[in-house]
Amino acid sequence: SMDRPLNVTLVAPYVFDASVQQIFAVLLQGHHLYMVPENTRVDGTGLLEFFSRYCIDVTDGTPTHLRLILNSPEAGTHKLYLQHLIIGGEALPYNITRDFFRNFSAPAAPMTISNVYGPAECCVDSTIFQVSNENIDSLTSILIGKPMPNEQVYIIDPVSPNTPLQPIGVVGELCIGGAGVGRGYLKNPELTEQKFVPNPFRPGERMYRTGDLARWLPDGNIEFWGRTDHQVKI
């Protein structure tokens, strides 16, 4: 139960796929949505002032936004009320995450950063890893976490014809199944057939081949390793 509506920003441009969850999830649940102006979005000091002035509780963004805020000359002067940051769009570096907690997390207001991963083809966020003051010092990298509800993640041998699952700790191609998988690419049946393939683990369903490399860790979290279309040293 909540005693008041949350103040939530939309930092992503409204034409960006990630904006949909901010706009509709926030408004349909009766929270307040604050649209960040375009010139503020790329200005660390402007973002700090915006978050502080409107007592923002929850924000979306990318690692670049965290870096902009950290590098602002006013980083130490604004009181932030942020409870939750949903960060995605690119790999989240450990040092930026750690520095953000050191600079902006107050004991009275514990802050969580959710590192989200997923392609537009699977309705964007497919996995989530939550970072807090409790676990930041025990990490050495920021993981992409575990599949979200109604989603499945398979890490397969990218070159094998019958796509066996990779053992824990072995890098392979990350594939996504479940409710978020899209229908395909409009008027592009060749690419659709290549990327949206029958799910061998759930007959009658399809899974999406992301082209990303990852591996399962023994604790059930996923570690991101990069793209298959780049030379990756494994």
# chains A, B, ... in the order shown; residues from 1 in each chain; ligands from 1
>>> select_by_dssp(residues="range 5-230 of chain A", states="alpha helix (DSSP H)", output="ChimeraX atom specification")
/A:19-20,26-28,38-41,44-53,63-70,94-104,189-195
>>> residues_around(residues="range 122-131 of chain A", least_positions_apart="5", cutoff="8 Å", atoms="only C-alpha atoms", output="PyMOL selection string")
chain A and resi 17-18+112-117+136+142-148+151+176+180-182+208
>>> select_by_dssp(residues="range 6-85 of chain A", states="strand (DSSP E or B)", output="PyMOL selection string")
chain A and resi 7-10+32-35+58-61+84-85
>>> residues_around(residues="Asn150 in chain A", least_positions_apart="2", cutoff="7 Å", atoms="only C-alpha atoms", output="MDAnalysis selection string")
chainID A and resid 148 152 178:179
>>> closest_residue(among="A:Glu90, A:Pro149, A:Gly204, A:Thr45", to="Gly226 in chain A", atoms="only C-alpha atoms")
A:Glu90
>>> closest_residue(among="A:Leu27, A:Leu10, A:Leu33, A:Leu66", to="Asn95 in chain A", atoms="only C-alpha atoms")
A:Leu66
>>> atom_distance(atom1="CA of Leu68 in chain A", atom2="CA of Ser19 in chain A")
19.9 Å
>>> closest_residue(among="A:Val26, A:Asn7, A:Thr228, A:Pro218", to="Val159 in chain A", atoms="only C-alpha atoms")
A:Thr228
>>> residues_around(residues="Pro198 in chain A", least_positions_apart="3", cutoff="7 Å", atoms="only C-alpha atoms", output="list in words")
Glu205, Arg206 and Met207 of chain A
>>> residues_around(residues="Val171 in chain A", least_positions_apart="6", cutoff="8 Å", atoms="only C-alpha atoms", output="ChimeraX atom specification")
/A:155,213-216,225,234
>>> write_last_selection(atoms="N, CA, C and O atoms", output="PDB file, in the first residue's frame")
ATOM      1  N   ILE A 155      20.224 -19.812 -22.792  1.00  0.00           N
ATOM      2  CA  ILE A 155      21.567 -19.507 -23.295  1.00  0.00           C
ATOM      3  C   ILE A 155      22.027 -20.742 -24.055  1.00  0.00           C
ATOM      4  O   ILE A 155      22.232 -21.812 -23.475  1.00  0.00           O
ATOM      5  N   LEU A 213      25.714 -12.231 -26.358  1.00  0.00           N
ATOM      6  CA  LEU A 213      26.363 -13.311 -25.616  1.00  0.00           C
ATOM      7  C   LEU A 213      26.200 -13.089 -24.119  1.00  0.00           C
ATOM      8  O   LEU A 213      26.271 -11.963 -23.638  1.00  0.00           O
ATOM      9  N   ALA A 214      25.981 -14.188 -23.412  1.00  0.00           N
ATOM     10  CA  ALA A 214      25.805 -14.103 -21.959  1.00  0.00           C
ATOM     11  C   ALA A 214      26.079 -15.475 -21.372  1.00  0.00           C
ATOM     12  O   ALA A 214      26.261 -16.451 -22.098  1.00  0.00           O
ATOM     13  N   ARG A 215      26.119 -15.538 -20.046  1.00  0.00           N
ATOM     14  CA  ARG A 215      26.249 -16.844 -19.390  1.00  0.00           C
ATOM     15  C   ARG A 215      25.488 -16.817 -18.066  1.00  0.00           C
ATOM     16  O   ARG A 215      25.332 -15.767 -17.433  1.00  0.00           O
ATOM     17  N   TRP A 216      25.008 -18.005 -17.669  1.00  0.00           N
ATOM     18  CA  TRP A 216      24.395 -18.151 -16.357  1.00  0.00           C
ATOM     19  C   TRP A 216      25.485 -18.238 -15.301  1.00  0.00           C
ATOM     20  O   TRP A 216      26.517 -18.880 -15.523  1.00  0.00           O
ATOM     21  N   TRP A 225      27.807 -10.587 -21.880  1.00  0.00           N
ATOM     22  CA  TRP A 225      29.166 -10.680 -22.422  1.00  0.00           C
ATOM     23  C   TRP A 225      29.398  -9.905 -23.707  1.00  0.00           C
ATOM     24  O   TRP A 225      30.512  -9.838 -24.188  1.00  0.00           O
ATOM     25  N   ILE A 234      36.515 -15.303 -25.492  1.00  0.00           N
ATOM     26  CA  ILE A 234      35.835 -16.096 -24.456  1.00  0.00           C
ATOM     27  C   ILE A 234      36.859 -16.975 -23.743  1.00  0.00           C
ATOM     28  O   ILE A 234      37.647 -17.651 -24.381  1.00  0.00           O
TER      29      ILE A 234
END
>>> closest_residue(among="A:Tyr81, A:Tyr54, A:Phe104, A:Phe201", to="Val153 in chain A", atoms="only C-alpha atoms")
A:Phe201
>>> residues_around(residues="Lys79 in chain A", least_positions_apart="5", cutoff="9 Å", atoms="only C-alpha atoms", output="PyMOL selection string")
chain A and resi 48+51-52+55+104
>>> write_last_selection(atoms="C-alpha atoms", output="compact mmCIF listing (two decimals), in the first residue's frame")
# COMPACT_ATOMS: atom_id res chain seq x y z
CA LEU A 48 19.90 17.13 -10.82
CA PHE A 51 14.96 15.65 -9.75
CA SER A 52 15.43 17.87 -6.70
CA CYS A 55 10.99 15.57 -5.48
CA PHE A 104 23.51 10.12 -3.73
